[in-house]
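These notes are about the structure you will find just below.
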Amino acid sequence: MKYELVVFDWDGTLLDSAGAIVNAIQSACRDLGLAIPDDARARHVIGLGLSDALRHAVPDLPLERYQEMIERYRFHYLSSDHELNLFAGVREMLARLQAAGHILAVATGKSRPGLDRTLDHSGLRPLFQTSRCADECHSKPHPQMLEELMAECEIAPEATIMIGDTSHDLLMASNAGVDSLAVTYGAHPHDHLLECRPLACLHTVQELDQWLKNFA
């Protein structure tokens with residue numbers, strides 16, 4: 001086993017939620033009478049902690065209105081998050097990895113309450129040994145999430161791999177001295193992911209699962 005610890009991003013990697021996040025950002029801006037970011041700008045911030053995401057998606061938002069924006073974002077996202085689905089094949093892939101002896105973890109831009117909510121709703125909680133969220137650590141691409149996961153699990157960087165759908169995930173892996181895999185079915189486009197030099201760019205969960213069978 002080359003990679004004892006397999007760390008997954010959540011939104012856009014395991015859960016098909018990128019579209020809902022974009023819609024929530026744009027709807028919150030509309031509610032507050034702010035300039036509405038286009039889809040590309042809104043998608044780019046997926047994976048960041050919420051405050052960092054707002055700084056990039058709505059750069060003209062005054063600091064004193066951040067809490068108001070966060071509340072409207074959460075209103076729109078939570079109104080439909082129960083309708084979101086895992087990407088096809090995710091549950092089976094994770095169960096296979098766990099059965100093969102890999103330690104599975106999550107490193108996400110979600111808050112701890114947000115991750116707990118979706119872990120329980122999806123039924124995936126038993127498959128993950130541990131996790132880190134953006135309200136517990138520095139936001140991606142800072143390496144703190146991965147560093148803490150590796151320390152907790154007592155796994156070295158060379159035995160760890162990070163899997164995500166954004167450059168934020170891949171740069172976090174690079175900053176932590178960890179190998180990475182990109183999936184292209186989430187938030188960031190293929191060319192942008194390639195610039196971060198992952199081991200591979202996989203286009204479906206099935207391709208990801210096969211890569212892990214062959215090389216992990």
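For the structure tokens, the naming scheme is as follows: chains receive sequential letters (A, B, ...) according to their order of presentation, residues are indexed from 1 within each chain, and ligands are indexed from 1 in presentation order.
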Skipping near chain neighbours, those fewer than 3 positions away, what residues fall within 9 Å of region 208-212 of chain A using only C-alpha atoms, listed as a ChimeraX atom specification? /A:89-90,93-94,97,181-183,200-205,215-216
Contacts of Ile46 (chain A) within 8 Å, only C-alpha atoms, excl. fewer than 4 positions in-chain, as an MDAnalysis selection string
chainID A and resid 11 18 21 42 53 109 166 187
Filtering to C-alpha atoms, could you give me those residues as a short mmCIF file (atom, residue, chain, number, x, y, z; two decimals), in the first residue's frame?
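again-v7.cif, freshly written:
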data_model
loop_
_atom_site.label_atom_id
_atom_site.label_comp_id
_atom_site.auth_asym_id
_atom_site.auth_seq_id
_atom_site.Cartn_x
_atom_site.Cartn_y
_atom_site.Cartn_z
CA ASP A 11 -17.92 19.66 -2.24
CA ALA A 18 -20.82 23.01 -6.91
CA ILE A 21 -22.86 26.75 -3.97
CA ALA A 42 -18.28 32.00 -8.01
CA ALA A 53 -14.53 32.78 -0.48
CA GLY A 109 -13.83 24.36 3.19
CA THR A 166 -10.00 22.70 -7.12
CA ALA A 187 -15.64 23.23 -9.63
#
Identify, on the basis of only C-alpha atoms, every residue whose closest approach to His82 (chain A) does not exceed 12 Å; exclude the query and any residue fewer than 5 positions from it along the same chain; express the result as a ChimeraX atom specification. /A:15-17,20,76-77,114,117-122
Can you write just those residues out, C-alpha atoms, as a tab-separated table (two decimals), in the first residue's frame?
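Below is the file out_34.tsv, written as the result:
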chain	number	residue	atom	x	y	z
A	15	LEU	CA	-20.89	15.59	-3.28
A	16	ASP	CA	-22.39	17.10	-6.43
A	17	SER	CA	-22.81	20.52	-4.82
A	20	ALA	CA	-25.78	24.80	-5.46
A	76	HIS	CA	-30.00	29.73	0.18
A	77	TYR	CA	-27.58	26.80	0.45
A	114	GLY	CA	-21.91	21.94	7.75
A	117	ARG	CA	-24.79	17.74	8.66
A	118	THR	CA	-23.81	16.33	5.27
A	119	LEU	CA	-21.89	13.36	6.71
A	120	ASP	CA	-25.01	12.30	8.57
A	121	HIS	CA	-27.35	13.01	5.65
A	122	SER	CA	-25.18	11.04	3.21
Counting only C-alpha atoms, give me one row per residue of region 34-76 of chain A with an atom at most 12 Å from an atom of region 137-145 of chain A, showing the shortest contact pair and its distance in Å to one decimal, sorted by chain then residue number, as JSON lines.
{"residue": "A:Val45", "atom": "CA", "partner": "A:Lys140", "partner_atom": "CA", "distance": 10.4}
{"residue": "A:Ile46", "atom": "CA", "partner": "A:Lys140", "partner_atom": "CA", "distance": 10.3}
{"residue": "A:Gly47", "atom": "CA", "partner": "A:Lys140", "partner_atom": "CA", "distance": 7.3}
{"residue": "A:Leu48", "atom": "CA", "partner": "A:Lys140", "partner_atom": "CA", "distance": 5.8}
{"residue": "A:Gly49", "atom": "CA", "partner": "A:Ser139", "partner_atom": "CA", "distance": 5.3}
{"residue": "A:Leu50", "atom": "CA", "partner": "A:Ser139", "partner_atom": "CA", "distance": 8.8}
{"residue": "A:Ser51", "atom": "CA", "partner": "A:Ser139", "partner_atom": "CA", "distance": 9.2}
{"residue": "A:Asp52", "atom": "CA", "partner": "A:Ser139", "partner_atom": "CA", "distance": 7.4}
{"residue": "A:Ala53", "atom": "CA", "partner": "A:Ser139", "partner_atom": "CA", "distance": 9.5}
Restricting it to C-alpha atoms, dump the selection as a short mmCIF file (atom, residue, chain, number, x, y, z; two decimals), in the first residue's frame.
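Output (out.cif):
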data_model
loop_
_atom_site.label_atom_id
_atom_site.label_comp_id
_atom_site.auth_asym_id
_atom_site.auth_seq_id
_atom_site.Cartn_x
_atom_site.Cartn_y
_atom_site.Cartn_z
CA VAL A 45 -13.92 30.12 -4.61
CA ILE A 46 -15.44 26.70 -3.90
CA GLY A 47 -13.28 24.91 -1.37
CA LEU A 48 -12.15 28.03 0.48
CA GLY A 49 -13.38 28.93 3.93
CA LEU A 50 -16.50 31.07 3.70
CA SER A 51 -14.88 34.39 4.63
CA ASP A 52 -12.02 33.84 2.16
CA ALA A 53 -14.53 32.78 -0.48
#
Practice item. From a DSSP pass on the backbone, collect the residues of region 29-214 of chain A flagged as alpha helix (DSSP H) and hand them back as a VMD selection string. Key: chain A and resid 29 to 31 39 to 44 50 to 57 66 to 78 90 to 99 112 to 122 144 to 153 167 to 175 190 to 194 205 to 214
